[in-house]
file structure-v2.cif (mmCIF, C-alpha atoms and all ligand atoms)
data_query
loop_
_atom_site.label_atom_id
_atom_site.label_comp_id
_atom_site.auth_asym_id
_atom_site.auth_seq_id
_atom_site.Cartn_x
_atom_site.Cartn_y
_atom_site.Cartn_z
CA MET Z 21 194.67 -27.77 38.86
CA GLU Z 22 191.83 -27.27 41.33
CA GLU Z 23 188.50 -28.54 40.00
CA LYS Z 24 185.62 -26.10 39.55
CA PHE Z 25 182.20 -27.21 40.70
CA LYS Z 26 178.95 -25.84 39.26
CA SER Z 27 177.14 -24.97 42.50
CA ALA Z 28 176.59 -25.90 46.13
CA ASP Z 29 173.33 -27.65 45.20
CA LYS Z 30 175.00 -29.70 42.47
CA PRO Z 31 178.64 -30.30 43.30
CA GLU Z 32 179.71 -31.54 39.89
CA THR Z 33 182.17 -30.19 37.30
CA GLU Z 34 181.21 -28.94 33.81
CA GLU Z 35 181.92 -32.41 32.40
CA GLY Z 36 179.63 -33.94 35.07
CA LYS Z 37 182.29 -35.30 37.44
CA GLN Z 38 180.64 -35.89 40.83
CA TYR Z 39 182.30 -34.45 43.92
CA HIS Z 40 182.39 -37.52 46.22
CA ILE Z 41 182.74 -40.48 43.88
CA ASP Z 42 185.07 -38.54 41.53
CA LEU Z 43 183.47 -40.05 38.41
CA LYS Z 44 181.76 -38.61 35.33
CA PRO Z 45 179.09 -39.86 32.90
CA GLY Z 46 180.31 -42.90 31.01
CA ASP Z 47 182.85 -43.95 33.66
CA LEU Z 48 180.60 -46.62 35.23
CA ALA Z 49 178.62 -49.37 33.50
CA PRO Z 50 174.83 -49.24 34.08
CA TYR Z 51 175.16 -52.35 36.32
CA VAL Z 52 177.20 -51.67 39.45
CA LEU Z 53 178.20 -53.88 42.38
CA THR Z 54 178.19 -51.87 45.62
CA PRO Z 55 180.20 -53.42 48.45
CA GLY Z 56 180.70 -51.38 51.62
CA ASP Z 57 184.42 -52.13 51.83
CA PRO Z 58 186.74 -50.34 49.33
CA GLY Z 59 189.14 -53.30 49.60
CA ARG Z 60 186.44 -55.55 48.20
CA VAL Z 61 186.49 -53.54 44.94
CA ASP Z 62 190.04 -54.77 44.28
CA ARG Z 63 188.98 -58.35 44.99
CA ILE Z 64 185.92 -57.99 42.72
CA LEU Z 65 188.11 -56.61 39.92
CA LYS Z 66 190.31 -59.74 40.08
CA THR Z 67 187.28 -61.95 39.26
CA TRP Z 68 186.47 -60.14 35.97
CA ASP Z 69 187.86 -61.00 32.53
CA GLU Z 70 189.30 -57.50 32.26
CA GLY Z 71 189.04 -54.20 34.10
CA LYS Z 72 190.74 -51.33 35.86
CA ILE Z 73 190.52 -49.18 38.97
CA LEU Z 74 188.95 -45.79 38.19
CA SER Z 75 189.19 -43.72 41.34
CA PHE Z 76 189.60 -43.79 45.14
CA HIS Z 77 188.28 -40.75 46.98
CA ARG Z 78 187.30 -41.05 50.68
CA GLU Z 79 185.37 -44.37 51.02
CA TYR Z 80 184.45 -44.47 47.34
CA LYS Z 81 186.69 -46.79 45.33
CA SER Z 82 185.54 -47.65 41.82
CA ALA Z 83 186.47 -50.09 39.08
CA THR Z 84 185.05 -50.97 35.70
CA GLY Z 85 185.50 -53.93 33.37
CA LYS Z 86 183.87 -56.91 31.71
CA PHE Z 87 182.48 -60.14 33.12
CA LYS Z 88 181.65 -62.80 30.50
CA GLY Z 89 181.30 -60.15 27.84
CA VAL Z 90 179.04 -57.85 29.92
CA ASP Z 91 180.08 -54.35 31.01
CA ILE Z 92 180.18 -54.25 34.81
CA SER Z 93 181.45 -51.84 37.47
CA ALA Z 94 181.97 -51.73 41.23
CA LEU Z 95 181.75 -48.77 43.59
CA SER Z 96 182.28 -49.06 47.35
CA THR Z 97 179.80 -47.22 49.55
CA GLY Z 98 181.48 -47.20 52.95
CA ILE Z 99 179.58 -48.39 56.02
CA GLY Z 100 176.01 -47.28 56.64
CA GLY Z 101 173.23 -45.26 55.07
CA PRO Z 102 174.74 -41.75 54.89
CA SER Z 103 177.73 -42.68 52.76
CA LEU Z 104 175.73 -45.18 50.70
CA ALA Z 105 173.11 -42.53 49.87
CA ILE Z 106 175.82 -40.25 48.46
CA ALA Z 107 177.19 -43.08 46.30
CA VAL Z 108 173.74 -43.92 44.91
CA GLU Z 109 172.79 -40.26 44.29
CA GLU Z 110 176.00 -39.56 42.39
CA ALA Z 111 176.21 -42.89 40.52
CA ALA Z 112 172.62 -42.47 39.30
CA ARG Z 113 173.48 -38.99 38.01
CA ILE Z 114 176.17 -40.48 35.76
CA GLY Z 115 173.99 -43.24 34.31
CA VAL Z 116 173.84 -46.22 36.70
CA HIS Z 117 170.41 -47.92 36.71
CA THR Z 118 171.06 -51.17 38.59
CA PHE Z 119 172.77 -51.59 41.97
CA ILE Z 120 173.69 -54.90 43.61
CA ARG Z 121 174.90 -54.72 47.19
CA VAL Z 122 177.56 -57.36 47.89
CA GLY Z 123 177.85 -57.30 51.66
CA THR Z 124 178.43 -59.20 54.87
CA THR Z 125 175.85 -59.74 57.57
CA GLY Z 126 174.93 -61.20 60.94
CA SER Z 127 172.20 -63.84 60.98
CA ILE Z 128 169.62 -63.71 63.77
CA GLN Z 129 168.13 -67.10 62.90
CA LYS Z 130 169.87 -70.24 64.18
CA GLU Z 131 169.53 -72.14 60.90
CA ILE Z 132 171.09 -69.37 58.76
CA SER Z 133 174.70 -70.43 59.18
CA LEU Z 134 178.13 -68.87 58.70
CA GLY Z 135 179.01 -68.85 55.00
CA ASP Z 136 175.37 -69.01 53.81
CA ILE Z 137 174.13 -66.38 51.36
CA VAL Z 138 171.12 -64.23 52.24
CA ILE Z 139 169.25 -62.51 49.42
CA ILE Z 140 167.44 -59.58 50.98
CA ASN Z 141 164.15 -58.64 49.32
CA GLY Z 142 163.04 -56.04 51.86
CA SER Z 143 164.48 -54.24 54.86
CA VAL Z 144 163.23 -53.05 58.21
CA ARG Z 145 164.17 -49.36 58.17
CA LEU Z 146 166.18 -49.01 61.37
CA ASP Z 147 168.54 -46.67 59.54
CA GLY Z 148 168.39 -42.88 59.79
CA THR Z 149 169.12 -41.87 56.19
CA SER Z 150 165.99 -43.28 54.52
CA HIS Z 151 163.91 -41.26 56.99
CA GLN Z 152 165.45 -38.10 55.59
CA TYR Z 153 164.07 -39.05 52.16
CA VAL Z 154 160.52 -40.26 52.80
CA ARG Z 155 157.98 -40.94 55.53
CA VAL Z 156 158.29 -43.94 57.81
CA GLU Z 157 155.49 -46.00 56.20
CA TYR Z 158 157.28 -46.16 52.82
CA PRO Z 159 158.59 -49.72 52.29
CA ALA Z 160 162.22 -50.55 51.63
CA ILE Z 161 161.92 -53.20 48.93
CA ALA Z 162 164.36 -54.64 46.42
CA SER Z 163 163.75 -54.86 42.69
CA PHE Z 164 162.03 -58.19 42.00
CA GLU Z 165 164.15 -58.57 38.84
CA VAL Z 166 167.44 -58.19 40.71
CA THR Z 167 166.20 -60.55 43.44
CA MET Z 168 165.22 -63.17 40.85
CA ALA Z 169 168.59 -62.83 39.10
CA LEU Z 170 170.38 -63.37 42.43
CA ILE Z 171 168.27 -66.49 43.09
CA GLU Z 172 169.01 -67.83 39.61
CA ALA Z 173 172.74 -67.17 40.09
CA CYS Z 174 172.77 -69.06 43.42
CA GLU Z 175 170.89 -71.96 41.84
CA GLU Z 176 173.28 -72.14 38.86
CA LEU Z 177 176.30 -72.01 41.16
CA GLY Z 178 174.85 -74.51 43.66
CA TYR Z 179 175.26 -72.20 46.67
CA LYS Z 180 173.10 -72.42 49.79
CA TYR Z 181 170.93 -69.32 50.08
CA HIS Z 182 167.95 -67.86 51.94
CA VAL Z 183 165.52 -65.21 50.68
CA GLY Z 184 163.61 -62.84 52.93
CA ILE Z 185 163.53 -59.69 54.99
CA GLY Z 186 166.56 -58.20 56.70
CA ALA Z 187 166.99 -55.29 59.09
CA SER Z 188 169.35 -52.36 58.45
CA THR Z 189 170.69 -50.45 61.44
CA ASP Z 190 172.89 -47.41 61.89
CA SER Z 191 174.82 -49.07 64.68
CA PHE Z 192 176.79 -52.35 64.53
CA TYR Z 193 176.82 -52.69 68.33
CA SER Z 194 173.88 -51.33 70.33
CA GLY Z 195 171.62 -51.07 67.26
CA GLN Z 196 172.05 -54.78 66.56
CA GLY Z 197 171.64 -55.83 70.19
CA ARG Z 198 175.40 -56.36 70.71
CA PRO Z 199 176.82 -55.28 74.04
CA GLY Z 200 178.80 -52.06 73.83
CA LEU Z 201 181.75 -51.02 75.99
CA ASN Z 202 181.47 -52.37 79.55
CA ASN Z 203 178.46 -54.43 78.41
CA TYR Z 204 176.28 -51.39 77.75
CA LEU Z 205 173.02 -52.73 76.34
CA PRO Z 206 169.81 -50.77 76.83
CA SER Z 207 166.57 -52.73 77.16
CA PHE Z 208 165.20 -51.43 73.84
CA ALA Z 209 168.22 -52.87 71.99
CA LYS Z 210 167.52 -56.34 73.44
CA GLU Z 211 163.86 -55.93 72.55
CA ILE Z 212 164.57 -55.04 68.90
CA PHE Z 213 166.68 -58.17 68.52
CA ASN Z 214 164.05 -60.48 70.04
CA ASP Z 215 161.11 -58.89 68.23
CA LEU Z 216 162.74 -59.08 64.81
CA GLN Z 217 163.89 -62.64 65.36
CA MET Z 218 160.33 -63.65 66.26
CA ALA Z 219 159.07 -61.94 63.09
CA ASN Z 220 161.42 -64.15 61.02
CA VAL Z 221 163.70 -61.33 59.99
CA MET Z 222 166.82 -63.09 58.68
CA ASN Z 223 169.68 -60.77 59.51
CA PHE Z 224 171.22 -57.47 60.51
CA GLU Z 225 173.33 -55.35 58.17
CA MET Z 226 173.72 -51.62 57.66
CA GLU Z 227 172.92 -50.49 54.10
CA CYS Z 228 169.95 -52.20 52.43
CA ALA Z 229 167.15 -50.05 53.87
CA THR Z 230 168.75 -46.88 52.54
CA LEU Z 231 169.63 -48.50 49.21
CA PHE Z 232 166.15 -49.94 48.59
CA THR Z 233 164.31 -46.79 49.70
CA ILE Z 234 166.30 -44.38 47.56
CA THR Z 235 166.35 -46.58 44.46
CA SER Z 236 162.57 -47.10 44.71
CA ILE Z 237 162.00 -43.34 44.99
CA TYR Z 238 164.13 -42.73 41.89
CA LYS Z 239 162.75 -45.72 39.89
CA LEU Z 240 166.13 -47.41 39.77
CA ARG Z 241 166.75 -51.11 40.45
CA ALA Z 242 168.55 -52.53 43.48
CA GLY Z 243 169.00 -55.92 45.06
CA ALA Z 244 171.28 -57.29 47.74
CA LEU Z 245 173.07 -60.40 48.77
CA CYS Z 246 175.18 -60.76 51.87
CA VAL Z 247 177.32 -63.58 53.12
CA VAL Z 248 176.80 -64.53 56.76
CA ILE Z 249 179.91 -63.84 58.86
CA ALA Z 250 178.15 -63.81 62.25
CA ASN Z 251 175.48 -66.00 63.77
CA ARG Z 252 174.04 -64.10 66.68
CA VAL Z 253 172.17 -67.10 68.07
CA THR Z 254 175.14 -69.47 68.22
CA ASN Z 255 177.48 -66.50 68.90
CA GLU Z 256 179.94 -67.46 66.15
CA PHE Z 257 181.90 -64.95 64.01
CA GLN Z 258 184.20 -65.71 61.08
CA TYR Z 259 185.06 -63.72 57.95
CA ILE Z 260 184.30 -66.30 55.24
CA GLY Z 261 182.53 -66.58 51.90
CA GLU Z 262 183.35 -63.24 50.30
CA GLU Z 263 184.40 -64.92 47.00
CA LYS Z 264 181.05 -66.74 46.87
CA ALA Z 265 179.12 -63.48 47.28
CA ILE Z 266 181.18 -61.78 44.57
CA THR Z 267 180.63 -64.68 42.15
CA VAL Z 268 176.86 -64.59 42.70
CA ALA Z 269 176.76 -60.83 42.09
CA ASN Z 270 178.81 -61.12 38.88
CA TYR Z 271 176.53 -63.85 37.51
CA ALA Z 272 173.43 -61.87 38.50
CA VAL Z 273 174.66 -58.98 36.33
CA LYS Z 274 175.13 -61.36 33.40
CA ILE Z 275 171.61 -62.75 33.91
CA LEU Z 276 170.03 -59.28 34.25
CA ASN Z 277 171.79 -58.13 31.10
CA GLU Z 278 170.29 -61.09 29.19
CA TRP Z 279 166.81 -60.42 30.61
CA ASP Z 280 167.08 -56.71 29.79
CA LYS Z 281 167.95 -57.55 26.18
CA ILE Z 282 164.89 -59.85 25.96
CA LYS Z 283 162.69 -57.10 27.43
CA ARG Z 284 163.93 -54.61 24.84
CA LYS Z 285 163.44 -57.09 21.98
CA LYS Z 286 159.89 -57.90 23.09
CA GLY Z 287 158.98 -54.32 23.98
CA LYS Z 288 158.32 -55.07 27.67
CA ASN Z 289 159.13 -52.94 30.70
CA PHE Z 290 159.29 -55.81 33.18
CA PHE Z 291 160.77 -59.27 33.07
CA TYR Z 292 158.62 -62.31 33.81
CA PRO Z 293 159.44 -66.03 33.29
CA GLY Z 294 157.03 -66.39 30.31
CA LEU Z 295 159.25 -64.03 28.28
CA ILE Z 296 161.90 -66.76 27.85
CA LYS Z 297 159.51 -69.54 26.76
N1 LIG Z 301 177.56 -56.71 59.35
C1 LIG Z 301 176.66 -56.28 60.26
O1 LIG Z 301 176.08 -55.20 60.13
N2 LIG Z 301 176.42 -57.06 61.34
C2 LIG Z 301 177.04 -58.25 61.54
O2 LIG Z 301 176.78 -58.92 62.53
C3 LIG Z 301 177.97 -58.68 60.57
C4 LIG Z 301 178.22 -57.90 59.48
#
call {"tool": "encode", "arguments": {"input": "structure-v2.cif", "output": "structure tokens"}}
result
Amino acid sequence: MEEKFKSADKPETEEGKQYHIDLKPGDLAPYVLTPGDPGRVDRILKTWDEGKILSFHREYKSATGKFKGVDISALSTGIGGPSLAIAVEEAARIGVHTFIRVGTTGSIQKEISLGDIVIINGSVRLDGTSHQYVRVEYPAIASFEVTMALIEACEELGYKYHVGIGASTDSFYSGQGRPGLNNYLPSFAKEIFNDLQMANVMNFEMECATLFTITSIYKLRAGALCVVIANRVTNEFQYIGEEKAITVANYAVKILNEWDKIKRKKGKNFFYPGLIK
């Protein structure tokens, strides 16, 4: 049977099923891992104690389950800001409050090596989508709680990690200073690369600026970790470390869930280290 949607402004069914992600209230846990790649959702699911695939519509594949007793879900966003913004808008409408991007990235600093984890606490907004939400001066920053949970997870697991600012682009090639077809590379693309590198920006990826901007506007929480698969200084590229990134994200959800319980018990809105003394 063809589904009936309420309106053009709100493309959802009577029971609240969202048009793009094909999910309704209660389908996703409040803590959601958001990889770009739908295939990564299957690989995330395999690391949980239990779980199941929920839906796969366009680039949005979803799964829900349990990791160490905590309800957890995953929803792929596709590549880039436009598709990620749709995933966040619709997931928030059905009850998600915490998003953790589990991505891959290209380092622009020599010492940030292939296989390292970068925890991104703010993004240079070289995307287009965030500019359709709010003026250019608005910062794209991660939730400090999610960032702290990611750091704690990396420490517990003994993984090498870096914390700092990344840059999100809408183009993998020219936008990140990579030569296009027939070595097309305009001078401004070279300039962006060099300027950001000099400003100690860690990496290029394609989703964090949109994710952080939208979740800040809506008072949701988001954080991000990416595994380095390209080093743009040494010119190396290898798809490695995805399992490490998934493990860190799973543990970060467990940690956040514990901190959230402590906050509720102590009547606090924000977590700080003194709360666990
Ligand atoms: N993702 C990106 O956006 N850039 C890279 O170099 C690698 C992964």
call {"tool": "atom_distance", "arguments": {"input": "structure-v2.cif", "atom1": "CA of Ile237 in chain Z", "atom2": "CA of Tyr158 in chain Z"}}
result
9.6 Å
call {"tool": "residues_around", "arguments": {"input": "structure-v2.cif", "residues": "Thr118 in chain Z", "least_positions_apart": "6", "cutoff": "8 Å", "atoms": "all atoms listed in the file", "output": "list in words"}}
result
Pro50, Tyr51, Val52, Leu240, Arg241 and Ala242 of chain Z
call {"tool": "closest_atom_pairs", "arguments": {"input": "structure-v2.cif", "of": "chain Z", "to": "ligand LIG 301 (chain Z)", "cutoff": "7 Å", "atoms": "all atoms listed in the file", "output": "tab-separated table"}}
result
residue	atom	partner	partner_atom	distance
Z:Thr124	CA	Z:LIG301	C4	4.8
Z:Thr125	CA	Z:LIG301	C4	3.6
Z:Gly126	CA	Z:LIG301	O2	3.3
Z:Ser127	CA	Z:LIG301	O2	6.9
Z:Phe192	CA	Z:LIG301	O1	5.3
Z:Phe224	CA	Z:LIG301	N2	5.3
Z:Glu225	CA	Z:LIG301	O1	3.4
Z:Met226	CA	Z:LIG301	O1	4.9
Z:Ile249	CA	Z:LIG301	C3	5.8
Z:Ala250	CA	Z:LIG301	O2	5.1
call {"tool": "atom_distance", "arguments": {"input": "structure-v2.cif", "atom1": "CA of Leu104 in chain Z", "atom2": "CA of Thr230 in chain Z"}}
result
7.4 Å
call {"tool": "closest_residue", "arguments": {"input": "structure-v2.cif", "among": "Z:Pro159, Z:Arg252, Z:Met222, Z:Asp215", "to": "Arg198 in chain Z", "atoms": "all atoms listed in the file"}}
result
Z:Arg252
call {"tool": "atom_distance", "arguments": {"input": "structure-v2.cif", "atom1": "CA of Ala272 in chain Z", "atom2": "CA of Leu53 in chain Z"}}
result
10.1 Å
